[in-house]
Amino acid sequence: MSVTSVMSGDPTIGIHDLSFATTQYVLTHATLAAENGTDIAKYHAGIGQRSMSVPAADEDIVTMAAAAAAPVIARHGAERIRTVVFATETSVDQAKAAGIHVHSLLGLPSATRVVELKQACYGATAALQFAIGLVHRDRSQQVLVIASDVSKYELGNPGEATQGAAAVAMLVSADPALVRIEDPSGVFTADIMDFWRPNYRTTALVDGQESISAYLQAVEGTWKDYTEQGGRALTEFSAFCYHQPFTKMAYKAHRHLTQQGGHDTDQAEIARCVGPTTTYNMDVGNSYTASVYLALASLLDHADDLTDQAVGFLSYGSGSVAEFFAGTVVPGYRSHLRSAMHREAVARREDIDYAQYRVLHEQAFPVDGGDHPLPRETTGPYRLAGISGHKRIYEPR
Ligand code: COA
């Protein structure tokens, strides 16, 4: 085996297709700032956010996930998909995997395994790595990886301005059309209570400043391990996709990484490496597990030609687990992108005012086991029709 293949492992497994979906509604930070008296510059410049996706009453992680995955199935068929891995930290059930609802809505074959994964915002990266392992075992198979989340903090909490919602669907296969994922991975775990959500709560608890330092500590830890595992030098990367709880965090993380790597990188260079990854997250808000792959979608859709260039990924999940790994962009990738669909998913959202947002934020499903149909609000392809006998009922719209 050559030195190159040792470093990059089997270079022919990775992301074959990528599609994302978000919500019916959007709340702008201008509206939020006007309501709570915050200087809008804090939102726009301080945290780097312009608006947040807000689910309609009949949307949730399942409807977004099905909307994200449907175009992938339409393009590639489901014949080779034997596994669906659904990553989320805002699951709708403690036992049943949300991916089974998606499997049903998309009519996937019964000869499929479906499972849900959780570790805060890191879960989708674990799903991606598991998927790569499965494809290594049988290169004829494909794995559908879905990351879908709705981030929700209490009204008035500093985290409120970093809410958002989206789902990303990725088809993992041999000979991928978009990004080959390399073998060396830097991993890091630390037992920290920076962000968590006990089972009895619908909103997350967070120590915001602690979560920023925990994230930066994880950047150091993953990079150290990645280097020890024989990873690439920092200067070999053209761009970096970071988990973006708010887009300014990507800039903070990259500055920290370059300092760790012994480089004195200026603002312009940081903006060049990170800026193109932030376009969608800036308007969608924190989509937890989906965020780092929304960053990839943004990079592929907005950057100049990236053919054969190396992209670094830093996936962080509070609690905390993180991973740094690399991918290389495949020649011809541009003809497989869904850029117009992605821009439309963001642009088509309906602006809501603060009062509408508040009603949706406070919506809670009755727990009496009765019949509770939901209003028809979403214009997306799938909806949550209601809850009956404690069962969620989904339908194509
Ligand atoms: N104009 C421009 N910038 C301003 C500003 C103004 N008027 N007012 C504040 N800012 C800047 C601050 O300087 C700060 O930037 P810096 O960190 O680069 O110095 C930024 O805006 C945020 O201000 P801060 O006072 O720290 O905000 P906050 O107390 O509201 O908390 C979070 C911000 C991100 C910690 C909070 O939104 C949160 O808890 N989010 C959820 C958890 C999270 O996202 N964690 C990230 C790691 S997973």
# chains A, B, ... in the order shown; residues from 1 in each chain; ligands from 1

call {"tool": "residues_near_ligand", "arguments": {"ligand": "ligand 1", "cutoff": "9 Å", "atoms": "only C-alpha atoms and all ligand atoms", "output": "PDB file with N, CA, C and O atoms, in the first residue's frame"}}
result
ATOM      1  N   THR A  38     -32.960  44.294  21.613  1.00  0.00           N
ATOM      2  CA  THR A  38     -31.520  44.046  21.374  1.00  0.00           C
ATOM      3  C   THR A  38     -31.040  44.876  20.189  1.00  0.00           C
ATOM      4  O   THR A  38     -31.785  45.042  19.203  1.00  0.00           O
ATOM      5  N   ASP A  39     -29.816  45.386  20.286  1.00  0.00           N
ATOM      6  CA  ASP A  39     -29.199  46.079  19.146  1.00  0.00           C
ATOM      7  C   ASP A  39     -29.027  45.038  18.033  1.00  0.00           C
ATOM      8  O   ASP A  39     -28.370  44.013  18.236  1.00  0.00           O
ATOM      9  N   ILE A  40     -29.594  45.307  16.871  1.00  0.00           N
ATOM     10  CA  ILE A  40     -29.560  44.322  15.773  1.00  0.00           C
ATOM     11  C   ILE A  40     -28.119  43.949  15.388  1.00  0.00           C
ATOM     12  O   ILE A  40     -27.856  42.829  14.917  1.00  0.00           O
ATOM     13  N   ALA A  41     -27.187  44.866  15.640  1.00  0.00           N
ATOM     14  CA  ALA A  41     -25.780  44.569  15.309  1.00  0.00           C
ATOM     15  C   ALA A  41     -25.271  43.378  16.112  1.00  0.00           C
ATOM     16  O   ALA A  41     -24.402  42.635  15.653  1.00  0.00           O
ATOM     17  N   LYS A  42     -25.817  43.163  17.304  1.00  0.00           N
ATOM     18  CA  LYS A  42     -25.393  41.997  18.094  1.00  0.00           C
ATOM     19  C   LYS A  42     -25.752  40.712  17.345  1.00  0.00           C
ATOM     20  O   LYS A  42     -24.964  39.765  17.305  1.00  0.00           O
ATOM     21  N   TYR A  43     -26.938  40.694  16.743  1.00  0.00           N
ATOM     22  CA  TYR A  43     -27.343  39.493  16.002  1.00  0.00           C
ATOM     23  C   TYR A  43     -26.612  39.374  14.669  1.00  0.00           C
ATOM     24  O   TYR A  43     -26.078  38.323  14.332  1.00  0.00           O
ATOM     25  N   HIS A  44     -26.613  40.483  13.914  1.00  0.00           N
ATOM     26  CA  HIS A  44     -26.030  40.408  12.567  1.00  0.00           C
ATOM     27  C   HIS A  44     -24.500  40.275  12.607  1.00  0.00           C
ATOM     28  O   HIS A  44     -23.943  39.387  11.966  1.00  0.00           O
ATOM     29  N   ALA A  45     -23.848  41.143  13.389  1.00  0.00           N
ATOM     30  CA  ALA A  45     -22.383  41.112  13.420  1.00  0.00           C
ATOM     31  C   ALA A  45     -21.856  40.257  14.571  1.00  0.00           C
ATOM     32  O   ALA A  45     -20.886  39.519  14.404  1.00  0.00           O
ATOM     33  N   GLY A  46     -22.501  40.339  15.738  1.00  0.00           N
ATOM     34  CA  GLY A  46     -21.979  39.665  16.944  1.00  0.00           C
ATOM     35  C   GLY A  46     -22.053  38.149  16.864  1.00  0.00           C
ATOM     36  O   GLY A  46     -21.076  37.453  17.156  1.00  0.00           O
ATOM     37  N   ILE A  47     -23.229  37.622  16.472  1.00  0.00           N
ATOM     38  CA  ILE A  47     -23.330  36.156  16.365  1.00  0.00           C
ATOM     39  C   ILE A  47     -23.426  35.687  14.905  1.00  0.00           C
ATOM     40  O   ILE A  47     -23.370  34.486  14.632  1.00  0.00           O
ATOM     41  N   GLY A  48     -23.618  36.627  13.989  1.00  0.00           N
ATOM     42  CA  GLY A  48     -23.618  36.265  12.560  1.00  0.00           C
ATOM     43  C   GLY A  48     -24.890  35.573  12.107  1.00  0.00           C
ATOM     44  O   GLY A  48     -24.843  34.683  11.248  1.00  0.00           O
ATOM     45  N   CYS A 121     -25.195  17.657  18.804  1.00  0.00           N
ATOM     46  CA  CYS A 121     -25.046  18.055  17.392  1.00  0.00           C
ATOM     47  C   CYS A 121     -24.042  17.190  16.632  1.00  0.00           C
ATOM     48  O   CYS A 121     -23.883  17.330  15.424  1.00  0.00           O
ATOM     49  N   TYR A 153     -34.968  26.982  22.480  1.00  0.00           N
ATOM     50  CA  TYR A 153     -34.593  27.445  23.818  1.00  0.00           C
ATOM     51  C   TYR A 153     -35.797  28.180  24.404  1.00  0.00           C
ATOM     52  O   TYR A 153     -36.713  28.566  23.677  1.00  0.00           O
ATOM     53  N   ASN A 157     -34.252  33.429  26.645  1.00  0.00           N
ATOM     54  CA  ASN A 157     -32.919  32.866  26.927  1.00  0.00           C
ATOM     55  C   ASN A 157     -31.939  33.387  25.863  1.00  0.00           C
ATOM     56  O   ASN A 157     -32.331  33.566  24.709  1.00  0.00           O
ATOM     57  N   PRO A 158     -30.670  33.617  26.233  1.00  0.00           N
ATOM     58  CA  PRO A 158     -29.713  34.077  25.205  1.00  0.00           C
ATOM     59  C   PRO A 158     -29.648  33.129  24.003  1.00  0.00           C
ATOM     60  O   PRO A 158     -29.358  33.549  22.881  1.00  0.00           O
ATOM     61  N   GLY A 159     -29.950  31.859  24.229  1.00  0.00           N
ATOM     62  CA  GLY A 159     -29.922  30.893  23.133  1.00  0.00           C
ATOM     63  C   GLY A 159     -31.059  31.087  22.130  1.00  0.00           C
ATOM     64  O   GLY A 159     -30.992  30.583  20.999  1.00  0.00           O
ATOM     65  N   GLU A 160     -32.095  31.845  22.510  1.00  0.00           N
ATOM     66  CA  GLU A 160     -33.268  32.005  21.626  1.00  0.00           C
ATOM     67  C   GLU A 160     -32.866  32.517  20.241  1.00  0.00           C
ATOM     68  O   GLU A 160     -33.410  32.084  19.225  1.00  0.00           O
ATOM     69  N   ALA A 161     -31.884  33.417  20.211  1.00  0.00           N
ATOM     70  CA  ALA A 161     -31.463  34.008  18.930  1.00  0.00           C
ATOM     71  C   ALA A 161     -30.698  33.010  18.063  1.00  0.00           C
ATOM     72  O   ALA A 161     -30.405  33.285  16.900  1.00  0.00           O
ATOM     73  N   THR A 162     -30.362  31.846  18.632  1.00  0.00           N
ATOM     74  CA  THR A 162     -29.611  30.848  17.845  1.00  0.00           C
ATOM     75  C   THR A 162     -30.493  29.643  17.501  1.00  0.00           C
ATOM     76  O   THR A 162     -29.972  28.583  17.158  1.00  0.00           O
ATOM     77  N   GLN A 163     -31.828  29.811  17.592  1.00  0.00           N
ATOM     78  CA  GLN A 163     -32.704  28.699  17.205  1.00  0.00           C
ATOM     79  C   GLN A 163     -32.701  28.536  15.684  1.00  0.00           C
ATOM     80  O   GLN A 163     -32.285  29.430  14.943  1.00  0.00           O
ATOM     81  N   ASP A 194     -22.385  21.508  29.153  1.00  0.00           N
ATOM     82  CA  ASP A 194     -22.478  22.839  28.537  1.00  0.00           C
ATOM     83  C   ASP A 194     -23.848  23.048  27.886  1.00  0.00           C
ATOM     84  O   ASP A 194     -24.287  24.181  27.709  1.00  0.00           O
ATOM     85  N   PHE A 195     -24.491  21.959  27.528  1.00  0.00           N
ATOM     86  CA  PHE A 195     -25.807  22.023  26.864  1.00  0.00           C
ATOM     87  C   PHE A 195     -26.414  20.650  27.027  1.00  0.00           C
ATOM     88  O   PHE A 195     -25.758  19.644  26.792  1.00  0.00           O
ATOM     89  N   ALA A 204     -33.940  23.241  25.422  1.00  0.00           N
ATOM     90  CA  ALA A 204     -32.609  22.854  25.895  1.00  0.00           C
ATOM     91  C   ALA A 204     -32.151  23.767  27.029  1.00  0.00           C
ATOM     92  O   ALA A 204     -32.587  24.912  27.138  1.00  0.00           O
ATOM     93  N   LEU A 205     -31.299  23.230  27.880  1.00  0.00           N
ATOM     94  CA  LEU A 205     -30.629  24.023  28.910  1.00  0.00           C
ATOM     95  C   LEU A 205     -29.205  24.247  28.422  1.00  0.00           C
ATOM     96  O   LEU A 205     -28.599  23.343  27.847  1.00  0.00           O
ATOM     97  N   VAL A 206     -28.695  25.444  28.638  1.00  0.00           N
ATOM     98  CA  VAL A 206     -27.369  25.733  28.096  1.00  0.00           C
ATOM     99  C   VAL A 206     -26.629  26.727  28.965  1.00  0.00           C
ATOM    100  O   VAL A 206     -27.227  27.644  29.527  1.00  0.00           O
ATOM    101  N   ASP A 207     -25.333  26.503  29.098  1.00  0.00           N
ATOM    102  CA  ASP A 207     -24.444  27.520  29.652  1.00  0.00           C
ATOM    103  C   ASP A 207     -23.651  28.019  28.447  1.00  0.00           C
ATOM    104  O   ASP A 207     -22.674  27.396  28.029  1.00  0.00           O
ATOM    105  N   GLY A 208     -24.150  29.112  27.856  1.00  0.00           N
ATOM    106  CA  GLY A 208     -23.643  29.576  26.565  1.00  0.00           C
ATOM    107  C   GLY A 208     -22.136  29.770  26.512  1.00  0.00           C
ATOM    108  O   GLY A 208     -21.472  29.257  25.612  1.00  0.00           O
ATOM    109  N   GLN A 209     -21.600  30.519  27.483  1.00  0.00           N
ATOM    110  CA  GLN A 209     -20.156  30.805  27.425  1.00  0.00           C
ATOM    111  C   GLN A 209     -19.352  29.524  27.635  1.00  0.00           C
ATOM    112  O   GLN A 209     -18.335  29.290  26.998  1.00  0.00           O
ATOM    113  N   GLU A 210     -19.850  28.651  28.544  1.00  0.00           N
ATOM    114  CA  GLU A 210     -19.193  27.356  28.782  1.00  0.00           C
ATOM    115  C   GLU A 210     -19.203  26.519  27.491  1.00  0.00           C
ATOM    116  O   GLU A 210     -18.231  25.827  27.171  1.00  0.00           O
ATOM    117  N   SER A 211     -20.308  26.622  26.741  1.00  0.00           N
ATOM    118  CA  SER A 211     -20.390  25.809  25.522  1.00  0.00           C
ATOM    119  C   SER A 211     -19.393  26.299  24.469  1.00  0.00           C
ATOM    120  O   SER A 211     -18.847  25.501  23.707  1.00  0.00           O
ATOM    121  N   ILE A 212     -19.143  27.605  24.456  1.00  0.00           N
ATOM    122  CA  ILE A 212     -18.153  28.126  23.500  1.00  0.00           C
ATOM    123  C   ILE A 212     -16.756  27.629  23.879  1.00  0.00           C
ATOM    124  O   ILE A 212     -16.000  27.145  23.038  1.00  0.00           O
ATOM    125  N   SER A 213     -16.424  27.698  25.202  1.00  0.00           N
ATOM    126  CA  SER A 213     -15.081  27.198  25.570  1.00  0.00           C
ATOM    127  C   SER A 213     -14.975  25.700  25.391  1.00  0.00           C
ATOM    128  O   SER A 213     -13.911  25.205  25.009  1.00  0.00           O
ATOM    129  N   ALA A 214     -16.076  24.966  25.650  1.00  0.00           N
ATOM    130  CA  ALA A 214     -16.030  23.508  25.468  1.00  0.00           C
ATOM    131  C   ALA A 214     -15.797  23.175  23.993  1.00  0.00           C
ATOM    132  O   ALA A 214     -15.056  22.248  23.651  1.00  0.00           O
ATOM    133  N   TYR A 215     -16.443  23.945  23.115  1.00  0.00           N
ATOM    134  CA  TYR A 215     -16.276  23.746  21.664  1.00  0.00           C
ATOM    135  C   TYR A 215     -14.805  23.983  21.289  1.00  0.00           C
ATOM    136  O   TYR A 215     -14.195  23.179  20.563  1.00  0.00           O
ATOM    137  N   LEU A 216     -14.231  25.083  21.787  1.00  0.00           N
ATOM    138  CA  LEU A 216     -12.840  25.397  21.425  1.00  0.00           C
ATOM    139  C   LEU A 216     -11.874  24.352  21.985  1.00  0.00           C
ATOM    140  O   LEU A 216     -10.895  23.974  21.331  1.00  0.00           O
ATOM    141  N   HIS A 243     -19.273  22.894  12.687  1.00  0.00           N
ATOM    142  CA  HIS A 243     -20.609  22.961  13.281  1.00  0.00           C
ATOM    143  C   HIS A 243     -20.881  24.431  13.600  1.00  0.00           C
ATOM    144  O   HIS A 243     -20.036  25.106  14.193  1.00  0.00           O
ATOM    145  N   GLN A 244     -22.067  24.914  13.176  1.00  0.00           N
ATOM    146  CA  GLN A 244     -22.346  26.349  13.329  1.00  0.00           C
ATOM    147  C   GLN A 244     -23.601  26.584  14.155  1.00  0.00           C
ATOM    148  O   GLN A 244     -24.690  26.774  13.616  1.00  0.00           O
ATOM    149  N   PRO A 245     -23.475  26.583  15.504  1.00  0.00           N
ATOM    150  CA  PRO A 245     -24.632  26.927  16.342  1.00  0.00           C
ATOM    151  C   PRO A 245     -25.062  28.363  16.061  1.00  0.00           C
ATOM    152  O   PRO A 245     -26.225  28.714  16.185  1.00  0.00           O
ATOM    153  N   PHE A 246     -24.109  29.173  15.667  1.00  0.00           N
ATOM    154  CA  PHE A 246     -24.308  30.513  15.104  1.00  0.00           C
ATOM    155  C   PHE A 246     -23.067  30.721  14.253  1.00  0.00           C
ATOM    156  O   PHE A 246     -21.997  30.180  14.556  1.00  0.00           O
ATOM    157  N   LYS A 248     -20.859  32.951  13.584  1.00  0.00           N
ATOM    158  CA  LYS A 248     -19.631  33.539  14.132  1.00  0.00           C
ATOM    159  C   LYS A 248     -18.764  32.476  14.812  1.00  0.00           C
ATOM    160  O   LYS A 248     -17.547  32.600  14.920  1.00  0.00           O
ATOM    161  N   MET A 249     -19.417  31.399  15.293  1.00  0.00           N
ATOM    162  CA  MET A 249     -18.683  30.339  15.986  1.00  0.00           C
ATOM    163  C   MET A 249     -17.667  29.680  15.044  1.00  0.00           C
ATOM    164  O   MET A 249     -16.588  29.271  15.463  1.00  0.00           O
ATOM    165  N   LYS A 252     -14.634  31.852  15.086  1.00  0.00           N
ATOM    166  CA  LYS A 252     -13.903  31.688  16.361  1.00  0.00           C
ATOM    167  C   LYS A 252     -13.132  30.374  16.349  1.00  0.00           C
ATOM    168  O   LYS A 252     -11.977  30.302  16.762  1.00  0.00           O
ATOM    169  N   ASN A 286     -29.524  27.477  13.951  1.00  0.00           N
ATOM    170  CA  ASN A 286     -28.869  26.235  14.372  1.00  0.00           C
ATOM    171  C   ASN A 286     -29.766  25.031  14.069  1.00  0.00           C
ATOM    172  O   ASN A 286     -30.854  24.921  14.609  1.00  0.00           O
ATOM    173  N   TYR A 288     -28.613  22.013  14.649  1.00  0.00           N
ATOM    174  CA  TYR A 288     -27.968  20.973  15.449  1.00  0.00           C
ATOM    175  C   TYR A 288     -27.202  19.946  14.589  1.00  0.00           C
ATOM    176  O   TYR A 288     -26.197  20.291  14.007  1.00  0.00           O
ATOM    177  N   TYR A 316     -19.013  19.143  16.237  1.00  0.00           N
ATOM    178  CA  TYR A 316     -19.011  19.238  17.706  1.00  0.00           C
ATOM    179  C   TYR A 316     -20.417  18.988  18.255  1.00  0.00           C
ATOM    180  O   TYR A 316     -21.399  19.542  17.743  1.00  0.00           O
ATOM    181  N   GLY A 317     -20.501  18.174  19.271  1.00  0.00           N
ATOM    182  CA  GLY A 317     -21.786  17.952  19.956  1.00  0.00           C
ATOM    183  C   GLY A 317     -21.582  18.147  21.447  1.00  0.00           C
ATOM    184  O   GLY A 317     -20.738  17.473  22.066  1.00  0.00           O
ATOM    185  N   SER A 318     -22.335  19.075  22.017  1.00  0.00           N
ATOM    186  CA  SER A 318     -22.178  19.392  23.440  1.00  0.00           C
ATOM    187  C   SER A 318     -22.255  18.137  24.277  1.00  0.00           C
ATOM    188  O   SER A 318     -22.906  17.161  23.923  1.00  0.00           O
TER     189      SER A 318
END

call {"tool": "residues_around", "arguments": {"residues": "A:Thr12", "least_positions_apart": "2", "cutoff": "7 Å", "atoms": "only C-alpha atoms", "output": "list in words"}}
result
Asp10, Gly14, Ala174, Asp175, Pro176 and Arg180 of chain A

call {"tool": "write_last_selection", "arguments": {"atoms": "N, CA, C and O atoms", "output": "short mmCIF file (atom, residue, chain, number, x, y, z; two decimals), in the first residue's frame"}}
result
data_model
loop_
_atom_site.label_atom_id
_atom_site.label_comp_id
_atom_site.auth_asym_id
_atom_site.auth_seq_id
_atom_site.Cartn_x
_atom_site.Cartn_y
_atom_site.Cartn_z
N ASP A 10 -9.27 4.16 2.15
CA ASP A 10 -9.92 3.87 0.88
C ASP A 10 -10.54 5.17 0.40
O ASP A 10 -11.49 5.67 0.98
N GLY A 14 -17.75 7.91 0.15
CA GLY A 14 -18.06 9.26 0.64
C GLY A 14 -19.48 9.66 0.32
O GLY A 14 -20.38 8.82 0.19
N ALA A 174 -19.88 3.98 -2.42
CA ALA A 174 -18.58 3.87 -3.07
C ALA A 174 -18.60 4.77 -4.31
O ALA A 174 -19.67 5.06 -4.85
N ASP A 175 -17.41 5.21 -4.73
CA ASP A 175 -17.27 6.09 -5.90
C ASP A 175 -18.26 7.26 -5.85
O ASP A 175 -19.10 7.43 -6.76
N PRO A 176 -18.19 8.06 -4.80
CA PRO A 176 -19.15 9.14 -4.62
C PRO A 176 -18.99 10.25 -5.65
O PRO A 176 -17.89 10.48 -6.15
N ARG A 180 -15.17 12.63 -1.30
CA ARG A 180 -14.60 11.40 -0.75
C ARG A 180 -14.17 11.69 0.68
O ARG A 180 -13.49 12.69 0.93
#

call {"tool": "residues_around", "arguments": {"residues": "A:Ala303", "least_positions_apart": "6", "cutoff": "10 Å", "atoms": "only C-alpha atoms", "output": "count of residues only"}}
result
6

call {"tool": "atom_distance", "arguments": {"atom1": "atom CA of A:Met341", "atom2": "atom CA of A:Arg397"}}
result
18.7 Å

call {"tool": "closest_residue", "arguments": {"among": "A:Val179, A:Val145, A:Ala290, A:Ala131", "to": "A:Thr90", "atoms": "only C-alpha atoms"}}
result
A:Ala290

call {"tool": "select_by_dssp", "arguments": {"residues": "stretch 137-270 of chain A", "states": "strand (DSSP E)", "output": "PyMOL selection string"}}
result
chain A and resi 142-151+164-174+179-189+195-196+205-206+237-242

call {"tool": "residues_around", "arguments": {"residues": "stretch 67-82 of chain A", "least_positions_apart": "4", "cutoff": "8 Å", "atoms": "only C-alpha atoms", "output": "ChimeraX atom specification"}}
result
/A:17-21,63,106,108-109,111-113,140-144,146,167-171,380-382

call {"tool": "residues_around", "arguments": {"residues": "A:Gly389", "least_positions_apart": "2", "cutoff": "6 Å", "atoms": "only C-alpha atoms", "output": "ChimeraX atom specification"}}
result
/A:369-370,391

call {"tool": "write_last_selection", "arguments": {"atoms": "N, CA, C and O atoms", "output": "tab-separated table (two decimals), in the first residue's frame"}}
result
chain	number	residue	atom	x	y	z
A	369	GLY	N	-53.97	11.17	24.81
A	369	GLY	CA	-54.22	10.00	23.97
A	369	GLY	C	-55.42	10.16	23.05
A	369	GLY	O	-55.79	9.22	22.33
A	370	GLY	N	-56.01	11.34	23.02
A	370	GLY	CA	-57.18	11.57	22.16
A	370	GLY	C	-56.78	11.82	20.71
A	370	GLY	O	-55.61	11.70	20.33
A	391	LYS	N	-50.20	8.28	18.92
A	391	LYS	CA	-49.39	7.94	17.74
A	391	LYS	C	-49.34	9.13	16.79
A	391	LYS	O	-50.38	9.73	16.47

call {"tool": "atom_distance", "arguments": {"atom1": "atom CA of A:Val187", "atom2": "atom CA of A:Glu228"}}
result
10.7 Å

call {"tool": "residues_around", "arguments": {"residues": "stretch 373-379 of chain A", "least_positions_apart": "5", "cutoff": "12 Å", "atoms": "only C-alpha atoms", "output": "number ranges by chain"}}
result
A: 22-25, 54-60, 63-64, 67, 345, 348-350, 360, 363-366, 384-397
